[in-house]
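File shown here: query37.cif, holding mmCIF, C-alpha atoms and all ligand atoms.
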```cif
data_start
#
loop_
_atom_site.label_atom_id
_atom_site.label_comp_id
_atom_site.auth_asym_id
_atom_site.auth_seq_id
_atom_site.Cartn_x
_atom_site.Cartn_y
_atom_site.Cartn_z
CA MET A 1 -3.56 105.66 -152.71
CA SER A 2 -3.97 102.90 -150.18
CA ILE A 3 -6.67 100.28 -150.11
CA SER A 4 -8.58 100.33 -146.84
CA GLU A 5 -9.12 96.97 -145.15
CA SER A 6 -12.45 97.93 -143.63
CA GLN A 7 -14.50 98.36 -146.78
CA PRO A 8 -15.12 96.06 -149.76
CA ILE A 9 -12.17 96.16 -152.16
CA VAL A 10 -14.62 96.16 -155.08
CA ARG A 11 -18.10 97.68 -155.15
CA MET A 12 -20.24 97.46 -158.27
CA PHE A 13 -23.53 99.34 -158.29
CA ASN A 14 -26.02 98.66 -161.11
CA ILE A 15 -23.32 98.19 -163.72
CA TYR A 16 -24.24 97.99 -167.41
CA LYS A 17 -21.87 97.35 -170.30
CA ARG A 18 -22.92 97.60 -173.91
CA TYR A 19 -20.73 97.01 -176.95
CA GLU A 20 -22.17 99.17 -179.71
CA GLN A 21 -25.85 98.57 -178.88
CA MET A 22 -25.43 94.99 -177.69
CA PRO A 23 -25.77 94.46 -173.93
CA ALA A 24 -22.92 92.40 -172.48
CA LEU A 25 -23.72 93.07 -168.79
CA SER A 26 -27.00 94.30 -167.30
CA ASP A 27 -27.60 95.69 -163.83
CA ILE A 28 -24.78 93.94 -161.96
CA SER A 29 -24.29 94.83 -158.30
CA ILE A 30 -21.57 92.98 -156.38
CA ASP A 31 -19.39 93.73 -153.34
CA ILE A 32 -16.09 91.88 -153.02
CA ASN A 33 -14.10 91.82 -149.78
CA GLN A 34 -10.32 91.67 -149.53
CA GLY A 35 -9.23 88.02 -149.30
CA GLU A 36 -12.30 86.48 -150.93
CA LEU A 37 -12.09 83.61 -153.40
CA ILE A 38 -14.68 84.15 -156.11
CA PHE A 39 -15.58 82.12 -159.16
CA ILE A 40 -17.42 83.82 -162.01
CA THR A 41 -19.14 81.21 -164.11
CA GLY A 42 -21.77 80.86 -166.82
CA PRO A 43 -21.97 79.87 -170.49
CA SER A 44 -19.82 81.25 -173.28
CA GLY A 45 -20.83 84.85 -174.02
CA ALA A 46 -22.42 85.32 -170.57
CA GLY A 47 -20.17 88.31 -169.81
CA LYS A 48 -17.45 86.80 -167.60
CA THR A 49 -14.48 88.34 -169.39
CA THR A 50 -16.35 91.63 -169.72
CA LEU A 51 -16.91 91.72 -165.96
CA LEU A 52 -13.21 91.08 -165.34
CA LYS A 53 -12.22 93.78 -167.87
CA LEU A 54 -14.31 96.32 -165.99
CA LEU A 55 -12.59 95.31 -162.76
CA TYR A 56 -9.08 95.70 -164.09
CA MET A 57 -10.10 98.82 -165.97
CA ALA A 58 -9.47 97.67 -169.53
CA GLU A 59 -13.08 98.68 -170.31
CA THR A 60 -15.35 101.27 -168.76
CA ALA A 61 -18.96 100.64 -167.78
CA THR A 62 -21.71 102.15 -169.92
CA ALA A 63 -23.71 102.93 -166.77
CA GLY A 64 -23.42 102.35 -163.03
CA GLN A 65 -20.73 102.98 -160.44
CA LEU A 66 -17.57 100.99 -159.83
CA LEU A 67 -15.37 101.56 -156.79
CA ILE A 68 -11.99 99.88 -156.39
CA GLY A 69 -10.44 100.27 -152.94
CA GLY A 70 -12.97 103.00 -152.20
CA VAL A 71 -11.98 104.97 -155.31
CA ASN A 72 -14.81 105.79 -157.72
CA LEU A 73 -13.43 105.06 -161.19
CA SER A 74 -15.59 107.71 -162.82
CA ARG A 75 -13.79 110.36 -160.76
CA ILE A 76 -10.21 109.32 -161.30
CA LYS A 77 -7.48 110.73 -163.57
CA PRO A 78 -5.46 108.48 -165.90
CA SER A 79 -2.45 108.73 -163.55
CA GLY A 80 -4.63 107.39 -160.72
CA LEU A 81 -5.83 104.53 -162.92
CA TYR A 82 -2.21 103.56 -163.52
CA LEU A 83 -1.53 103.30 -159.78
CA LEU A 84 -4.72 101.36 -159.19
CA ARG A 85 -3.93 98.89 -161.99
CA ARG A 86 -0.69 97.94 -160.24
CA LYS A 87 -2.80 96.37 -157.47
CA PHE A 88 -3.94 93.71 -159.96
CA GLY A 89 -2.21 90.61 -161.24
CA ILE A 90 -4.03 89.43 -164.34
CA ILE A 91 -4.05 86.06 -166.07
CA PHE A 92 -5.60 86.77 -169.46
CA GLN A 93 -7.74 84.24 -171.32
CA ASP A 94 -5.33 84.59 -174.28
CA PHE A 95 -2.23 84.95 -172.01
CA LYS A 96 -0.90 88.19 -173.63
CA LEU A 97 2.76 87.26 -173.23
CA ILE A 98 5.19 89.47 -175.13
CA PRO A 99 6.48 87.30 -178.01
CA SER A 100 9.80 89.13 -178.42
CA MET A 101 10.76 88.59 -174.77
CA THR A 102 11.84 85.33 -173.17
CA VAL A 103 9.69 83.65 -170.52
CA PHE A 104 12.09 84.95 -167.88
CA GLU A 105 11.87 88.52 -169.23
CA ASN A 106 8.06 88.36 -169.47
CA VAL A 107 7.88 87.65 -165.76
CA ALA A 108 10.82 89.83 -164.64
CA ILE A 109 9.32 92.93 -166.28
CA VAL A 110 6.80 93.24 -163.43
CA LEU A 111 9.54 93.50 -160.80
CA GLU A 112 11.69 95.76 -163.00
CA ALA A 113 8.75 98.17 -163.21
CA SER A 114 8.64 98.34 -159.44
CA GLY A 115 12.40 99.00 -159.22
CA GLU A 116 13.62 95.72 -157.67
CA LYS A 117 17.36 94.91 -157.71
CA LYS A 118 18.57 92.54 -160.41
CA LYS A 119 19.74 89.90 -157.92
CA VAL A 120 16.35 89.86 -156.18
CA ILE A 121 14.58 89.68 -159.54
CA ASP A 122 16.72 86.73 -160.68
CA SER A 123 16.00 84.72 -157.58
CA LYS A 124 12.27 85.55 -157.36
CA VAL A 125 11.64 84.84 -161.04
CA SER A 126 13.56 81.54 -160.93
CA LYS A 127 11.56 80.48 -157.86
CA ILE A 128 8.17 81.26 -159.34
CA LEU A 129 9.04 79.57 -162.66
CA ARG A 130 10.08 76.52 -160.66
CA ASN A 131 6.77 76.62 -158.75
CA VAL A 132 4.73 76.63 -161.95
CA GLY A 133 6.96 73.95 -163.48
CA ILE A 134 8.58 75.76 -166.41
CA GLU A 135 11.99 76.76 -165.09
CA ASP A 136 13.61 74.79 -167.91
CA LYS A 137 11.79 77.01 -170.45
CA LYS A 138 12.92 80.33 -169.03
CA ASN A 139 15.15 81.29 -171.96
CA LEU A 140 12.60 80.39 -174.62
CA TYR A 141 10.22 82.79 -176.37
CA PRO A 142 6.45 82.30 -175.82
CA PRO A 143 5.65 81.26 -179.42
CA SER A 144 7.84 78.18 -178.98
CA LEU A 145 5.96 77.04 -175.84
CA SER A 146 2.88 74.84 -175.71
CA GLY A 147 -0.43 76.46 -174.74
CA GLY A 148 -0.20 75.00 -171.25
CA GLU A 149 3.35 76.26 -170.79
CA GLN A 150 2.31 79.75 -171.92
CA GLN A 151 -0.55 79.64 -169.46
CA ARG A 152 1.86 78.79 -166.66
CA ALA A 153 4.14 81.67 -167.68
CA ALA A 154 1.09 83.96 -167.59
CA VAL A 155 0.28 82.74 -164.07
CA ALA A 156 3.87 83.37 -162.94
CA ARG A 157 3.74 86.92 -164.31
CA ALA A 158 0.42 87.60 -162.57
CA VAL A 159 1.55 86.52 -159.11
CA ILE A 160 5.21 87.60 -159.02
CA GLY A 161 4.44 91.16 -157.86
CA GLU A 162 2.30 89.91 -154.95
CA PRO A 163 -0.75 91.94 -156.04
CA ASP A 164 -3.74 92.68 -153.77
CA ILE A 165 -6.09 91.15 -156.33
CA ILE A 166 -5.43 88.29 -158.76
CA ILE A 167 -7.83 88.11 -161.68
CA ALA A 168 -7.74 84.90 -163.68
CA ASP A 169 -9.69 84.29 -166.88
CA GLU A 170 -9.88 80.50 -167.37
CA PRO A 171 -6.46 80.03 -165.72
CA THR A 172 -6.45 76.28 -166.25
CA GLY A 173 -8.20 76.19 -169.63
CA SER A 174 -5.14 74.89 -171.49
CA LEU A 175 -3.86 72.58 -168.79
CA ASP A 176 -4.08 68.85 -168.14
CA PRO A 177 -5.64 67.94 -164.76
CA GLU A 178 -2.30 67.51 -163.00
CA SER A 179 -0.92 70.89 -164.14
CA ALA A 180 -4.29 72.50 -163.39
CA LYS A 181 -4.02 71.27 -159.82
CA ILE A 182 -0.51 72.71 -159.43
CA ILE A 183 -1.69 76.10 -160.70
CA MET A 184 -4.84 76.13 -158.56
CA ASP A 185 -2.84 75.15 -155.46
CA LEU A 186 -0.47 78.05 -156.15
CA LEU A 187 -3.34 80.52 -156.63
CA ARG A 188 -5.07 79.25 -153.48
CA GLU A 189 -1.83 79.69 -151.54
CA PHE A 190 -1.88 83.41 -152.42
CA ASN A 191 -5.56 83.57 -151.49
CA GLU A 192 -4.85 81.96 -148.10
CA LYS A 193 -2.26 84.69 -147.46
CA GLY A 194 -4.95 87.35 -148.04
CA THR A 195 -4.89 88.03 -151.78
CA THR A 196 -8.33 88.46 -153.32
CA LEU A 197 -8.73 85.84 -156.03
CA ILE A 198 -11.31 86.23 -158.80
CA ILE A 199 -11.49 83.40 -161.33
CA ALA A 200 -13.69 83.20 -164.42
CA THR A 201 -14.24 79.61 -165.49
CA HIS A 202 -16.56 77.19 -167.22
CA SER A 203 -15.14 74.36 -165.18
CA GLN A 204 -17.53 73.07 -162.53
CA ASP A 205 -14.74 70.72 -161.40
CA LEU A 206 -12.50 73.69 -160.61
CA ILE A 207 -15.32 75.27 -158.59
CA ARG A 208 -16.12 72.07 -156.71
CA GLN A 209 -12.48 71.60 -155.72
CA SER A 210 -12.34 74.92 -153.81
CA ARG A 211 -14.48 76.52 -151.17
CA GLY A 212 -15.36 79.81 -152.78
CA ARG A 213 -18.16 82.17 -153.63
CA VAL A 214 -19.81 81.43 -156.97
CA ILE A 215 -21.25 84.19 -159.11
CA ARG A 216 -23.20 82.87 -162.07
CA LEU A 217 -23.90 84.99 -165.14
CA LYS A 218 -26.33 84.27 -167.94
CA LYS A 219 -26.78 86.54 -170.94
CA GLY A 220 -25.15 89.39 -169.04
CA GLN A 221 -27.31 89.04 -165.95
CA LEU A 222 -26.38 87.89 -162.49
CA VAL A 223 -28.48 84.79 -161.87
CA GLU A 224 -26.80 83.40 -158.74
CA ASP A 225 -24.42 84.64 -156.04
CA LEU A 226 -23.66 81.85 -153.57
CA LEU A 227 -21.19 81.62 -150.71
N1 LIG B 301 -14.91 94.06 -177.77
C1 LIG B 301 -16.15 93.63 -177.99
N2 LIG B 301 -16.93 94.18 -178.98
C2 LIG B 301 -18.19 93.75 -179.19
N3 LIG B 301 -18.79 92.78 -178.49
C3 LIG B 301 -18.08 92.19 -177.50
C4 LIG B 301 -16.72 92.58 -177.21
N4 LIG B 301 -16.28 91.81 -176.19
C5 LIG B 301 -17.29 90.98 -175.85
N5 LIG B 301 -18.37 91.21 -176.64
C6 LIG B 301 -19.66 90.50 -176.55
O1 LIG B 301 -20.11 90.57 -175.20
C7 LIG B 301 -20.68 89.33 -174.79
C8 LIG B 301 -19.96 88.81 -173.56
O2 LIG B 301 -18.64 88.43 -173.94
P1 LIG B 301 -17.56 87.90 -172.90
O3 LIG B 301 -16.27 87.81 -173.61
O4 LIG B 301 -17.60 88.74 -171.67
O5 LIG B 301 -18.15 86.45 -172.56
P2 LIG B 301 -17.54 85.27 -171.69
O6 LIG B 301 -18.58 84.91 -170.65
O7 LIG B 301 -16.20 85.64 -171.19
O8 LIG B 301 -17.44 84.07 -172.73
P3 LIG B 301 -16.36 82.85 -172.88
O9 LIG B 301 -16.78 81.82 -171.88
O10 LIG B 301 -16.54 82.39 -174.27
O11 LIG B 301 -14.99 83.40 -172.60
C9 LIG B 301 -20.61 88.41 -175.99
O12 LIG B 301 -21.85 88.43 -176.64
C10 LIG B 301 -19.53 89.02 -176.86
O13 LIG B 301 -19.76 88.78 -178.22
MG MG B 302 -14.32 84.91 -171.58
#
```
Would you mind giving the structure from this file in structure tokens?
Ligand SMILES: Nc1ncnc2c1ncn2[C@@H]1O[C@H](COP(=O)(O)OP(=O)(O)OP(=O)(O)O)[C@@H](O)[C@H]1O
Ligand SMILES: [Mg+2]
Amino acid sequence: MSISESQPIVRMFNIYKRYEQMPALSDISIDINQGELIFITGPSGAGKTTLLKLLYMAETATAGQLLIGGVNLSRIKPSGLYLLRRKFGIIFQDFKLIPSMTVFENVAIVLEASGEKKKVIDSKVSKILRNVGIEDKKNLYPPSLSGGEQQRAAVARAVIGEPDIIIADEPTGSLDPESAKIIMDLLREFNEKGTTLIIATHSQDLIRQSRGRVIRLKKGQLVEDLL
């Protein structure tokens, strides 16, 4: 299943998401092109994380059509979903690091799953941990790291496999301004090489510091979509 360059990598048509009877997203239509930098913003509870979960297929829409790389998710088998998910690198709002694995192992697991050689894995993981500034923590377990260090490990895990799309849910939420800049520079570097970058954030500073498209949600509705 290859992602065609000529069509939007993501197409959302009139998407609704309800949890029980509560609407979390209402009538969202968005096209996203390969290589775009997109910020999803809006107040707490606006539906940012829900929108990202639909994109990386952790939740399914209640109504509407969602196409990823031209593939209509309502017409795909679980095995196809698995292949499609590998195109995403995800930085979760709550990190989701595996507590029983070291930082190194948490990041290496992505490359092991794609069958890389041990030597290549060792060098790539060391390099990315150095880039995010936690190489000295590589043999520690996530519960013994600070929130900011865990966030950096989560960023390393998301980018190590060079995914087509990086999805980041408040990727700098636990970081001081200096570390936030290092992480954003790293994410932007991937975006400049052609990776689609979709970031949910409250931070207007983060948005101002980059030239990107801004999608604003309010109470589950799209209220602004600005380039
Ligand atoms: N699993 C769930 N079950 C029930 N309701 C949910 C669930 N997940 C989210 N919601 C509800 O959907 C709405 C949107 O939540 P969402 O997490 O997408 O907001 P958000 O914009 O990411 O907020 P924040 O800025 O606080 O992260 C909220 O009202 C929330 O309570
Ligand atoms: Mg959220």
Exercise for review: Could the residues that lie within 8 Å of ligand MG 302 (chain B), counting all atoms listed in the file, be listed as a VMD selection string?
Suggested key: chain A and resid 44 to 45 47 to 50 93 169 to 170 200
Give me, as JSON lines, each residue of chain A that comes within 12 Å of ligand LIG 301 (chain B), together with its shortest interatomic pair and the distance in Å at one decimal, counting all atoms listed in the file, with rows ordered by chain and rising residue number.
```
{"residue": "A:Tyr16", "atom": "CA", "partner": "B:LIG301", "partner_atom": "O1", "distance": 11.5}
{"residue": "A:Lys17", "atom": "CA", "partner": "B:LIG301", "partner_atom": "O1", "distance": 8.5}
{"residue": "A:Arg18", "atom": "CA", "partner": "B:LIG301", "partner_atom": "O1", "distance": 7.7}
{"residue": "A:Tyr19", "atom": "CA", "partner": "B:LIG301", "partner_atom": "C2", "distance": 4.7}
{"residue": "A:Glu20", "atom": "CA", "partner": "B:LIG301", "partner_atom": "C2", "distance": 6.7}
{"residue": "A:Gln21", "atom": "CA", "partner": "B:LIG301", "partner_atom": "C2", "distance": 9.1}
{"residue": "A:Met22", "atom": "CA", "partner": "B:LIG301", "partner_atom": "N3", "distance": 7.0}
{"residue": "A:Pro23", "atom": "CA", "partner": "B:LIG301", "partner_atom": "O1", "distance": 7.0}
{"residue": "A:Ala24", "atom": "CA", "partner": "B:LIG301", "partner_atom": "O1", "distance": 4.3}
{"residue": "A:Leu25", "atom": "CA", "partner": "B:LIG301", "partner_atom": "C8", "distance": 7.4}
{"residue": "A:Ser26", "atom": "CA", "partner": "B:LIG301", "partner_atom": "C8", "distance": 10.9}
{"residue": "A:Ile40", "atom": "CA", "partner": "B:LIG301", "partner_atom": "O6", "distance": 8.8}
{"residue": "A:Thr41", "atom": "CA", "partner": "B:LIG301", "partner_atom": "O6", "distance": 7.5}
{"residue": "A:Gly42", "atom": "CA", "partner": "B:LIG301", "partner_atom": "O6", "distance": 6.4}
{"residue": "A:Pro43", "atom": "CA", "partner": "B:LIG301", "partner_atom": "O9", "distance": 5.7}
{"residue": "A:Ser44", "atom": "CA", "partner": "B:LIG301", "partner_atom": "O9", "distance": 3.4}
{"residue": "A:Gly45", "atom": "CA", "partner": "B:LIG301", "partner_atom": "O5", "distance": 3.4}
{"residue": "A:Ala46", "atom": "CA", "partner": "B:LIG301", "partner_atom": "O6", "distance": 3.9}
{"residue": "A:Gly47", "atom": "CA", "partner": "B:LIG301", "partner_atom": "O4", "distance": 3.2}
{"residue": "A:Lys48", "atom": "CA", "partner": "B:LIG301", "partner_atom": "O6", "distance": 3.8}
{"residue": "A:Thr49", "atom": "CA", "partner": "B:LIG301", "partner_atom": "O7", "distance": 3.7}
{"residue": "A:Thr50", "atom": "CA", "partner": "B:LIG301", "partner_atom": "O4", "distance": 3.7}
{"residue": "A:Leu51", "atom": "CA", "partner": "B:LIG301", "partner_atom": "O4", "distance": 6.5}
{"residue": "A:Leu52", "atom": "CA", "partner": "B:LIG301", "partner_atom": "O4", "distance": 8.1}
{"residue": "A:Lys53", "atom": "CA", "partner": "B:LIG301", "partner_atom": "O4", "distance": 8.3}
{"residue": "A:Leu54", "atom": "CA", "partner": "B:LIG301", "partner_atom": "O4", "distance": 10.0}
{"residue": "A:Ala58", "atom": "CA", "partner": "B:LIG301", "partner_atom": "N1", "distance": 10.5}
{"residue": "A:Glu59", "atom": "CA", "partner": "B:LIG301", "partner_atom": "N1", "distance": 9.0}
{"residue": "A:Thr60", "atom": "CA", "partner": "B:LIG301", "partner_atom": "N1", "distance": 11.5}
{"residue": "A:Phe92", "atom": "CA", "partner": "B:LIG301", "partner_atom": "O11", "distance": 10.5}
{"residue": "A:Gln93", "atom": "CA", "partner": "B:LIG301", "partner_atom": "O11", "distance": 7.4}
{"residue": "A:Asp94", "atom": "CA", "partner": "B:LIG301", "partner_atom": "O11", "distance": 9.9}
{"residue": "A:Ala168", "atom": "CA", "partner": "B:LIG301", "partner_atom": "O7", "distance": 11.3}
{"residue": "A:Asp169", "atom": "CA", "partner": "B:LIG301", "partner_atom": "O11", "distance": 7.8}
{"residue": "A:Glu170", "atom": "CA", "partner": "B:LIG301", "partner_atom": "O11", "distance": 7.9}
{"residue": "A:Pro171", "atom": "CA", "partner": "B:LIG301", "partner_atom": "O11", "distance": 11.5}
{"residue": "A:Gly173", "atom": "CA", "partner": "B:LIG301", "partner_atom": "O11", "distance": 10.3}
{"residue": "A:Ile199", "atom": "CA", "partner": "B:LIG301", "partner_atom": "O7", "distance": 11.2}
{"residue": "A:Ala200", "atom": "CA", "partner": "B:LIG301", "partner_atom": "O7", "distance": 7.6}
{"residue": "A:Thr201", "atom": "CA", "partner": "B:LIG301", "partner_atom": "O9", "distance": 7.2}
{"residue": "A:His202", "atom": "CA", "partner": "B:LIG301", "partner_atom": "O9", "distance": 6.6}
{"residue": "A:Ser203", "atom": "CA", "partner": "B:LIG301", "partner_atom": "O9", "distance": 10.2}
{"residue": "A:Ile215", "atom": "CA", "partner": "B:LIG301", "partner_atom": "O6", "distance": 11.9}
{"residue": "A:Arg216", "atom": "CA", "partner": "B:LIG301", "partner_atom": "O6", "distance": 10.0}
{"residue": "A:Leu217", "atom": "CA", "partner": "B:LIG301", "partner_atom": "O6", "distance": 7.7}
{"residue": "A:Lys218", "atom": "CA", "partner": "B:LIG301", "partner_atom": "O6", "distance": 8.2}
{"residue": "A:Lys219", "atom": "CA", "partner": "B:LIG301", "partner_atom": "C8", "distance": 7.7}
{"residue": "A:Gly220", "atom": "CA", "partner": "B:LIG301", "partner_atom": "C8", "distance": 6.9}
{"residue": "A:Gln221", "atom": "CA", "partner": "B:LIG301", "partner_atom": "C8", "distance": 10.6}
{"residue": "A:Leu222", "atom": "CA", "partner": "B:LIG301", "partner_atom": "O6", "distance": 11.7}
```
Review point. Which residues come within 12 Å of Leu187 of chain A, counting all atoms listed in the file, excluding same-chain residues fewer than 2 positions away, as a PyMOL selection string?
Key: chain A and resi 37-38+89-91+128+131-132+152+155-156+158-160+162-163+165-168+171-172+180-185+189-199+210
Find the axis-aligned box for segment 58-65 of chain A, covering all its listed atoms and adding 8 Å on each side, and write its centre and edge lengths in Å to one decimal as JSON.
```
{"center_x": -16.6, "center_y": 100.3, "center_z": -165.4, "size_x": 30.2, "size_y": 21.3, "size_z": 25.9}
```
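Atom CA of Leu73 of chain A is found 28.8 Å from atom CA of Ala108 of chain A.
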Point to revise | For segment 100-104 of chain A: contacts at 8 Å, only C-alpha atoms, fewer than 2 positions along chain excluded, given as a list in words | key: Ile98, Asn106, Val107, Ala108, Val125, Ser126, Lys137, Lys138, Asn139, Leu140, Tyr141, Pro142 and Ala153 of chain A
Point to revise | Residue among A:Ile76, A:Leu81, A:Ile134, A:Ile109 lying closest to Asp122 of chain A, counting all atoms listed in the file | key: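 Answer, going by the shortest atom-to-atom distance: A:Ile109.
Computed from the coordinates, the atom CA of Leu206 of chain A to atom CA of Pro177 of chain A distance equals 9.9 Å.
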**Study point:** Selected residue, from A:Leu145, A:Leu186, A:Val214, A:Ile28, that lies nearest to Pro99 of chain A when counting only C-alpha atoms
**Key:** A:Leu145
Check your understanding: Separation of atom CA of Phe88 of chain A and atom CA of Ser144 of chain A, in Å?
Key ->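 One can read the atom CA of Phe88 of chain A to atom CA of Ser144 of chain A distance as 27.2 Å.
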